[in-house]
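Peer 1: Data: work.csv, CSV, N, CA and C atoms.
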chain,number,residue,atom,x,y,z
A,1023,MET,N,-8.4,-6.2,31.0
A,1023,MET,CA,-7.1,-6.8,31.4
A,1023,MET,C,-6.0,-5.8,30.9
A,1024,ARG,N,-5.2,-5.4,31.8
A,1024,ARG,CA,-4.1,-4.5,31.4
A,1024,ARG,C,-2.8,-5.4,31.1
A,1025,ILE,N,-2.1,-5.0,30.2
A,1025,ILE,CA,-0.9,-5.7,29.8
A,1025,ILE,C,0.3,-4.8,30.2
A,1026,ARG,N,1.2,-5.4,31.0
A,1026,ARG,CA,2.4,-4.7,31.4
A,1026,ARG,C,3.3,-4.5,30.2
A,1027,LYS,N,4.1,-3.5,30.3
A,1027,LYS,CA,5.0,-3.1,29.2
A,1027,LYS,C,5.9,-4.3,28.8
A,1028,ASP,N,6.4,-5.0,29.8
A,1028,ASP,CA,7.3,-6.2,29.5
A,1028,ASP,C,6.5,-7.4,28.9
A,1029,GLN,N,5.2,-7.3,28.8
A,1029,GLN,CA,4.4,-8.4,28.4
A,1029,GLN,C,3.6,-8.1,27.1
A,1030,GLU,N,4.1,-7.1,26.3
A,1030,GLU,CA,3.4,-6.7,25.1
A,1030,GLU,C,3.2,-7.9,24.2
A,1031,LEU,N,2.0,-7.9,23.6
A,1031,LEU,CA,1.7,-9.0,22.7
A,1031,LEU,C,2.3,-8.9,21.3
A,1032,PHE,N,2.5,-7.6,20.9
A,1032,PHE,CA,3.0,-7.3,19.6
A,1032,PHE,C,4.3,-6.5,19.7
A,1033,GLU,N,5.1,-6.6,18.7
A,1033,GLU,CA,6.3,-5.7,18.6
A,1033,GLU,C,5.8,-4.4,18.0
A,1034,GLU,N,6.3,-3.3,18.6
A,1034,GLU,CA,5.9,-2.0,18.2
A,1034,GLU,C,6.0,-1.8,16.6
A,1035,LYS,N,7.1,-2.2,16.1
A,1035,LYS,CA,7.3,-2.0,14.6
A,1035,LYS,C,6.3,-2.8,13.8
A,1036,ASP,N,5.9,-3.9,14.3
A,1036,ASP,CA,4.9,-4.7,13.6
A,1036,ASP,C,3.5,-4.1,13.7
A,1037,ILE,N,3.2,-3.5,14.9
A,1037,ILE,CA,1.9,-2.8,15.0
A,1037,ILE,C,1.8,-1.6,14.1
A,1038,GLU,N,2.9,-0.9,14.0
A,1038,GLU,CA,2.9,0.3,13.1
A,1038,GLU,C,2.7,-0.1,11.7
A,1039,LEU,N,3.4,-1.2,11.2
A,1039,LEU,CA,3.3,-1.6,9.8
A,1039,LEU,C,1.8,-2.1,9.5
A,1040,ILE,N,1.3,-2.9,10.4
A,1040,ILE,CA,-0.1,-3.4,10.3
A,1040,ILE,C,-1.1,-2.2,10.2
A,1041,ALA,N,-0.9,-1.2,11.1
A,1041,ALA,CA,-1.8,-0.1,11.1
A,1041,ALA,C,-1.7,0.8,9.8
A,1042,ARG,N,-0.5,1.0,9.4
A,1042,ARG,CA,-0.2,1.9,8.2
A,1042,ARG,C,-0.7,1.3,7.0
A,1043,VAL,N,-0.4,0.0,6.8
A,1043,VAL,CA,-0.8,-0.7,5.5
A,1043,VAL,C,-2.3,-1.0,5.5
A,1044,SER,N,-2.9,-1.4,6.7
A,1044,SER,CA,-4.3,-1.6,6.8
A,1044,SER,C,-5.1,-0.3,6.4
A,1045,ASP,N,-4.6,0.8,7.0
A,1045,ASP,CA,-5.3,2.1,6.7
A,1045,ASP,C,-5.2,2.4,5.3
A,1046,ALA,N,-4.1,2.2,4.6
A,1046,ALA,CA,-3.9,2.5,3.2
A,1046,ALA,C,-4.8,1.7,2.3
A,1047,LEU,N,-5.0,0.4,2.7
A,1047,LEU,CA,-5.8,-0.5,1.9
A,1047,LEU,C,-7.3,-0.5,2.2
A,1048,ALA,N,-7.6,0.2,3.3
A,1048,ALA,CA,-9.0,0.2,3.8
A,1048,ALA,C,-10.0,0.9,2.8
A,1049,HIS,N,-9.5,1.8,2.0
A,1049,HIS,CA,-10.4,2.5,1.1
A,1049,HIS,C,-10.5,1.8,-0.3
A,1050,PRO,N,-11.7,1.6,-0.8
A,1050,PRO,CA,-11.9,0.8,-2.0
A,1050,PRO,C,-11.1,1.4,-3.2
A,1051,VAL,N,-11.1,2.7,-3.3
A,1051,VAL,CA,-10.3,3.3,-4.4
A,1051,VAL,C,-8.9,3.0,-4.3
A,1052,ARG,N,-8.3,3.1,-3.1
A,1052,ARG,CA,-6.8,2.8,-3.0
A,1052,ARG,C,-6.6,1.3,-3.3
A,1053,LEU,N,-7.5,0.5,-2.8
A,1053,LEU,CA,-7.3,-1.0,-3.1
A,1053,LEU,C,-7.4,-1.2,-4.6
A,1054,LYS,N,-8.3,-0.6,-5.3
A,1054,LYS,CA,-8.3,-0.8,-6.8
A,1054,LYS,C,-7.1,-0.2,-7.5
A,1055,LEU,N,-6.6,0.9,-7.0
A,1055,LEU,CA,-5.4,1.5,-7.6
A,1055,LEU,C,-4.2,0.6,-7.4
A,1056,PHE,N,-4.0,0.1,-6.1
A,1056,PHE,CA,-2.9,-0.7,-5.8
A,1056,PHE,C,-2.9,-2.0,-6.6
A,1057,ARG,N,-4.1,-2.6,-6.7
A,1057,ARG,CA,-4.3,-3.8,-7.5
A,1057,ARG,C,-3.9,-3.6,-9.0
A,1058,TYR,N,-4.4,-2.5,-9.5
A,1058,TYR,CA,-4.1,-2.1,-10.9
A,1058,TYR,C,-2.6,-2.0,-11.1
A,1059,ILE,N,-2.0,-1.3,-10.3
A,1059,ILE,CA,-0.5,-1.1,-10.4
A,1059,ILE,C,0.2,-2.4,-10.3
A,1060,MET,N,-0.2,-3.3,-9.3
A,1060,MET,CA,0.4,-4.6,-9.2
A,1060,MET,C,0.3,-5.4,-10.5
A,1061,GLN,N,-0.9,-5.4,-11.1
A,1061,GLN,CA,-1.2,-6.2,-12.3
A,1061,GLN,C,-0.4,-5.6,-13.5
A,1062,CYS,N,-0.3,-4.3,-13.6
A,1062,CYS,CA,0.5,-3.7,-14.7
A,1062,CYS,C,2.0,-4.1,-14.5
A,1063,ASN,N,2.5,-4.0,-13.3
A,1063,ASN,CA,3.9,-4.3,-13.0
A,1063,ASN,C,4.2,-5.8,-13.3
A,1064,LYS,N,3.2,-6.6,-13.0
A,1064,LYS,CA,3.4,-8.1,-13.2
A,1064,LYS,C,3.5,-8.4,-14.7
A,1065,SER,N,2.8,-7.6,-15.5
A,1065,SER,CA,2.9,-7.8,-17.0
A,1065,SER,C,4.0,-6.9,-17.6
A,1066,MET,N,4.8,-6.3,-16.8
A,1066,MET,CA,6.0,-5.5,-17.2
A,1066,MET,C,5.6,-4.2,-17.8
A,1067,GLU,N,4.4,-3.7,-17.5
A,1067,GLU,CA,3.9,-2.4,-18.0
A,1067,GLU,C,4.2,-1.3,-17.0
A,1068,THR,N,4.6,-0.2,-17.4
A,1068,THR,CA,4.8,0.9,-16.5
A,1068,THR,C,3.5,1.6,-16.3
A,1069,VAL,N,3.3,2.3,-15.2
A,1069,VAL,CA,2.1,3.0,-14.9
A,1069,VAL,C,2.5,4.4,-14.4
A,1070,CYS,N,1.9,5.4,-15.1
A,1070,CYS,CA,2.1,6.8,-14.7
A,1070,CYS,C,0.8,7.4,-14.3
A,1071,ASN,N,0.9,8.6,-13.8
A,1071,ASN,CA,-0.3,9.3,-13.3
A,1071,ASN,C,-1.4,9.4,-14.4
A,1072,LYS,N,-0.9,9.7,-15.7
A,1072,LYS,CA,-1.8,9.8,-16.8
A,1072,LYS,C,-2.6,8.5,-17.0
A,1073,ASP,N,-1.9,7.3,-16.9
A,1073,ASP,CA,-2.6,6.0,-17.0
A,1073,ASP,C,-3.7,5.8,-16.0
A,1074,LEU,N,-3.4,6.3,-14.7
A,1074,LEU,CA,-4.4,6.1,-13.7
A,1074,LEU,C,-5.6,6.9,-13.9
A,1075,VAL,N,-5.4,8.2,-14.4
A,1075,VAL,CA,-6.6,9.1,-14.7
A,1075,VAL,C,-7.4,8.5,-15.9
A,1076,ALA,N,-6.7,7.9,-16.9
A,1076,ALA,CA,-7.4,7.4,-18.0
A,1076,ALA,C,-8.2,6.1,-17.7
A,1077,ASN,N,-7.7,5.3,-16.7
A,1077,ASN,CA,-8.3,4.0,-16.4
A,1077,ASN,C,-9.3,4.0,-15.3
A,1078,PHE,N,-9.4,5.1,-14.5
A,1078,PHE,CA,-10.3,5.2,-13.4
A,1078,PHE,C,-11.1,6.5,-13.6
A,1079,ASP,N,-12.3,6.4,-13.1
A,1079,ASP,CA,-13.3,7.5,-13.3
A,1079,ASP,C,-13.2,8.4,-12.1
A,1080,TYR,N,-12.1,8.9,-11.8
A,1080,TYR,CA,-11.9,9.9,-10.7
A,1080,TYR,C,-11.0,11.0,-11.2
A,1081,ALA,N,-11.2,12.2,-10.6
A,1081,ALA,CA,-10.4,13.4,-10.9
A,1081,ALA,C,-8.9,13.1,-10.6
A,1082,GLN,N,-8.0,13.8,-11.3
A,1082,GLN,CA,-6.6,13.6,-11.0
A,1082,GLN,C,-6.2,13.9,-9.6
A,1083,ALA,N,-6.9,15.0,-9.0
A,1083,ALA,CA,-6.6,15.3,-7.6
A,1083,ALA,C,-7.0,14.2,-6.7
A,1084,THR,N,-8.1,13.6,-6.9
A,1084,THR,CA,-8.5,12.4,-6.1
A,1084,THR,C,-7.6,11.3,-6.2
A,1085,ILE,N,-7.2,10.9,-7.4
A,1085,ILE,CA,-6.2,9.9,-7.6
A,1085,ILE,C,-4.9,10.2,-6.9
A,1086,SER,N,-4.4,11.4,-7.0
A,1086,SER,CA,-3.2,11.8,-6.4
A,1086,SER,C,-3.2,11.7,-4.9
A,1087,GLN,N,-4.3,12.1,-4.3
A,1087,GLN,CA,-4.5,11.9,-2.8
A,1087,GLN,C,-4.4,10.4,-2.4
A,1088,HIS,N,-5.1,9.6,-3.2
A,1088,HIS,CA,-5.1,8.2,-2.8
A,1088,HIS,C,-3.7,7.5,-3.1
A,1089,VAL,N,-3.0,7.9,-4.1
A,1089,VAL,CA,-1.7,7.4,-4.4
A,1089,VAL,C,-0.7,7.8,-3.3
A,1090,LYS,N,-0.8,9.1,-2.9
A,1090,LYS,CA,0.0,9.6,-1.8
A,1090,LYS,C,-0.1,8.7,-0.5
A,1091,LYS,N,-1.3,8.3,-0.2
A,1091,LYS,CA,-1.6,7.5,1.0
A,1091,LYS,C,-0.9,6.1,0.8
A,1092,LEU,N,-0.9,5.6,-0.4
A,1092,LEU,CA,-0.3,4.3,-0.7
A,1092,LEU,C,1.2,4.4,-0.7
A,1093,VAL,N,1.7,5.5,-1.2
A,1093,VAL,CA,3.2,5.8,-1.1
A,1093,VAL,C,3.6,6.0,0.3
A,1094,ASP,N,2.9,6.7,1.1
A,1094,ASP,CA,3.2,6.9,2.5
A,1094,ASP,C,3.2,5.6,3.3
A,1095,ALA,N,2.4,4.7,2.9
A,1095,ALA,CA,2.3,3.4,3.6
A,1095,ALA,C,3.5,2.5,3.1
A,1096,GLY,N,4.2,2.9,2.1
A,1096,GLY,CA,5.3,2.1,1.5
A,1096,GLY,C,4.8,1.0,0.5
A,1097,LEU,N,3.6,1.0,0.1
A,1097,LEU,CA,3.0,0.0,-0.8
A,1097,LEU,C,3.4,0.4,-2.2
A,1098,ILE,N,3.6,1.6,-2.5
A,1098,ILE,CA,4.0,2.1,-3.9
A,1098,ILE,C,5.3,2.9,-3.8
A,1099,GLU,N,6.1,2.7,-4.8
A,1099,GLU,CA,7.3,3.5,-5.0
A,1099,GLU,C,7.1,4.4,-6.2
A,1100,VAL,N,7.6,5.6,-6.2
A,1100,VAL,CA,7.5,6.5,-7.3
A,1100,VAL,C,8.8,6.8,-7.9
A,1101,LYS,N,8.9,6.8,-9.2
A,1101,LYS,CA,10.1,7.2,-9.9
A,1101,LYS,C,9.7,8.3,-10.8
A,1102,LYS,N,10.3,9.5,-10.7
A,1102,LYS,CA,10.0,10.6,-11.5
A,1102,LYS,C,10.9,10.7,-12.7
A,1103,GLN,N,10.3,10.9,-13.9
A,1103,GLN,CA,11.1,11.0,-15.1
A,1103,GLN,C,10.4,12.1,-15.9
A,1104,ASP,N,11.2,13.1,-16.2
A,1104,ASP,CA,10.7,14.3,-16.9
A,1104,ASP,C,9.5,14.8,-16.1
A,1105,LYS,N,8.3,14.9,-16.8
A,1105,LYS,CA,7.2,15.5,-16.1
A,1105,LYS,C,6.2,14.4,-15.6
A,1106,PHE,N,6.6,13.1,-15.7
A,1106,PHE,CA,5.7,12.0,-15.3
A,1106,PHE,C,6.3,11.4,-14.0
A,1107,SER,N,5.3,10.8,-13.3
A,1107,SER,CA,5.6,10.0,-12.1
A,1107,SER,C,5.2,8.6,-12.4
A,1108,TYR,N,6.1,7.7,-12.3
A,1108,TYR,CA,5.9,6.2,-12.6
A,1108,TYR,C,5.7,5.5,-11.3
A,1109,TYR,N,4.7,4.6,-11.2
A,1109,TYR,CA,4.4,3.9,-10.0
A,1109,TYR,C,4.7,2.4,-10.1
A,1110,TYR,N,5.3,1.9,-9.0
A,1110,TYR,CA,5.7,0.5,-8.9
A,1110,TYR,C,5.2,0.0,-7.5
A,1111,ALA,N,4.6,-1.2,-7.6
A,1111,ALA,CA,4.1,-1.8,-6.3
A,1111,ALA,C,5.4,-2.3,-5.6
A,1112,ASN,N,5.4,-2.0,-4.3
A,1112,ASN,CA,6.4,-2.5,-3.4
A,1112,ASN,C,5.9,-3.8,-2.8
A,1113,LEU,N,6.2,-4.9,-3.4
A,1113,LEU,CA,5.7,-6.2,-2.9
A,1113,LEU,C,6.4,-6.7,-1.7
A,1114,GLY,N,7.6,-6.1,-1.4
A,1114,GLY,CA,8.3,-6.4,-0.2
A,1114,GLY,C,7.5,-6.0,1.1
A,1115,VAL,N,6.9,-4.8,1.0
A,1115,VAL,CA,6.1,-4.3,2.1
A,1115,VAL,C,4.8,-5.1,2.2
A,1116,LEU,N,4.2,-5.4,1.1
A,1116,LEU,CA,3.0,-6.3,1.1
A,1116,LEU,C,3.3,-7.6,1.7
A,1117,MET,N,4.4,-8.3,1.4
A,1117,MET,CA,4.7,-9.6,1.9
A,1117,MET,C,5.0,-9.5,3.4
A,1118,GLN,N,5.7,-8.4,3.8
A,1118,GLN,CA,5.9,-8.2,5.2
A,1118,GLN,C,4.6,-8.1,6.0
A,1119,TYR,N,3.7,-7.3,5.4
A,1119,TYR,CA,2.3,-7.2,6.0
A,1119,TYR,C,1.6,-8.5,6.2
A,1120,ILE,N,1.7,-9.3,5.1
A,1120,ILE,CA,1.0,-10.6,5.1
A,1120,ILE,C,1.7,-11.5,6.2
A,1121,ASP,N,3.0,-11.5,6.2
A,1121,ASP,CA,3.7,-12.4,7.2
A,1121,ASP,C,3.4,-12.0,8.6
A,1122,ILE,N,3.4,-10.7,8.9
A,1122,ILE,CA,3.2,-10.2,10.2
A,1122,ILE,C,1.7,-10.5,10.7
A,1123,THR,N,0.8,-10.3,9.8
A,1123,THR,CA,-0.6,-10.6,10.2
A,1123,THR,C,-0.8,-12.1,10.4
A,1124,LYS,N,-0.1,-13.0,9.7
A,1124,LYS,CA,-0.1,-14.4,9.9
A,1124,LYS,C,0.6,-14.7,11.3
A,1125,LYS,N,1.7,-14.0,11.6
A,1125,LYS,CA,2.4,-14.3,12.8
A,1125,LYS,C,1.5,-14.0,14.0
A,1126,TYR,N,0.7,-13.0,14.0
A,1126,TYR,CA,-0.2,-12.7,15.1
A,1126,TYR,C,-1.6,-13.2,15.0
A,1127,SER,N,-1.9,-14.0,14.0
A,1127,SER,CA,-3.2,-14.5,13.8
A,1127,SER,C,-3.5,-15.6,14.9
A,1128,ILE,N,-4.8,-15.6,15.3
A,1128,ILE,CA,-5.2,-16.6,16.3
A,1128,ILE,C,-5.9,-17.8,15.6
A,1129,ILE,N,-6.0,-17.6,14.2
A,1129,ILE,CA,-6.7,-18.7,13.4
A,1129,ILE,C,-5.6,-19.6,12.8
A,1130,GLY,N,-5.8,-20.9,12.9
A,1130,GLY,CA,-5.0,-21.9,12.3
A,1130,GLY,C,-3.5,-21.6,12.4
Show me, as structure tokens, the structure contained in the file I just sent.

Peer 2:
Amino acid sequence: MRIRKDQELFEEKDIELIARVSDALAHPVRLKLFRYIMQCNKSMETVCNKDLVANFDYAQATISQHVKKLVDAGLIEVKKQDKFSYYYANLGVLMQYIDITKKYSIIG
């Protein structure tokens, strides 16, 4: 079944957000990193690149690549201070993602 342009089922911006965030969270390492950053932020702890390397059994280069993907998706914000990068979960983007997936869900 082809859908005419004027009958699109999704708004383009919604599709882009779903794809970008889903792709970022699809890797187990990124999911673990994001969850860790969220938990630290919830308990008012700051998280820097040194903390991620110390708490995960991955090379710094690997962690950096995964963090970049989360940043590009908008799930993490970075604040640089001196030689450190501090990471903060962007819950606004996560909530948008959840709301949009609910909006287009065919379940319940």

Peer 1: Extract, using only C-alpha atoms, all DNA, RNA and protein residues at most 12 Å from A:Ala1083, discarding same-chain residues fewer than 4 positions from it, and format them as an NGL selection string.

Peer 2: :A and (1071-1072 or 1074-1075 or 1079 or 1087-1090)

Peer 1: Compile a residue-level contact table for stretch 1086-1115 of chain A against stretch 1063-1066 of chain A at a cut-off of 9 Å, reporting for every qualifying residue the shortest atom pair and its distance in Å to one decimal, with only C-alpha atoms counted, rows ordered by chain and ascending number, as JSON lines.

Peer 2:
{"residue": "A:Tyr1109", "atom": "CA", "partner": "A:Asn1063", "partner_atom": "CA", "distance": 8.7}
{"residue": "A:Tyr1110", "atom": "CA", "partner": "A:Asn1063", "partner_atom": "CA", "distance": 6.6}
{"residue": "A:Ala1111", "atom": "CA", "partner": "A:Asn1063", "partner_atom": "CA", "distance": 7.2}

Peer 1: Do you have, as a Markdown table, the list of residues of stretch 1052-1111 of chain A lying at most 7 Å from stretch 1031-1047 of chain A, each with its nearest atom pair and that distance in Å to one decimal, counting only N, CA and C atoms and ordered by chain then number?

Peer 2:
| residue | atom | partner | partner_atom | distance |
| --- | --- | --- | --- | --- |
| A:Arg1052 | C | A:Leu1047 | CA | 5.6 |
| A:Leu1053 | N | A:Leu1047 | CA | 5.1 |
| A:Lys1091 | C | A:Ala1046 | CA | 5.3 |
| A:Leu1092 | CA | A:Ala1046 | CA | 5.6 |
| A:Asp1094 | C | A:Arg1042 | C | 6.9 |
| A:Ala1095 | CA | A:Arg1042 | C | 5.0 |

Peer 1: In Å, with one decimal, what is the gap from atom CA of A:Thr1068 to atom CA of A:Gln1082?

Peer 2: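 Calculated distance between atom CA of A:Thr1068 and atom CA of A:Gln1082 is 17.9 Å.
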
Peer 1: Within chain A, find each residue whose DSSP state, derived from the backbone, is helix (DSSP H, G or I), and express the selection as a ChimeraX atom specification.

Peer 2: /A:1027-1029,1034-1047,1050-1064,1071-1077,1082-1094,1113-1125
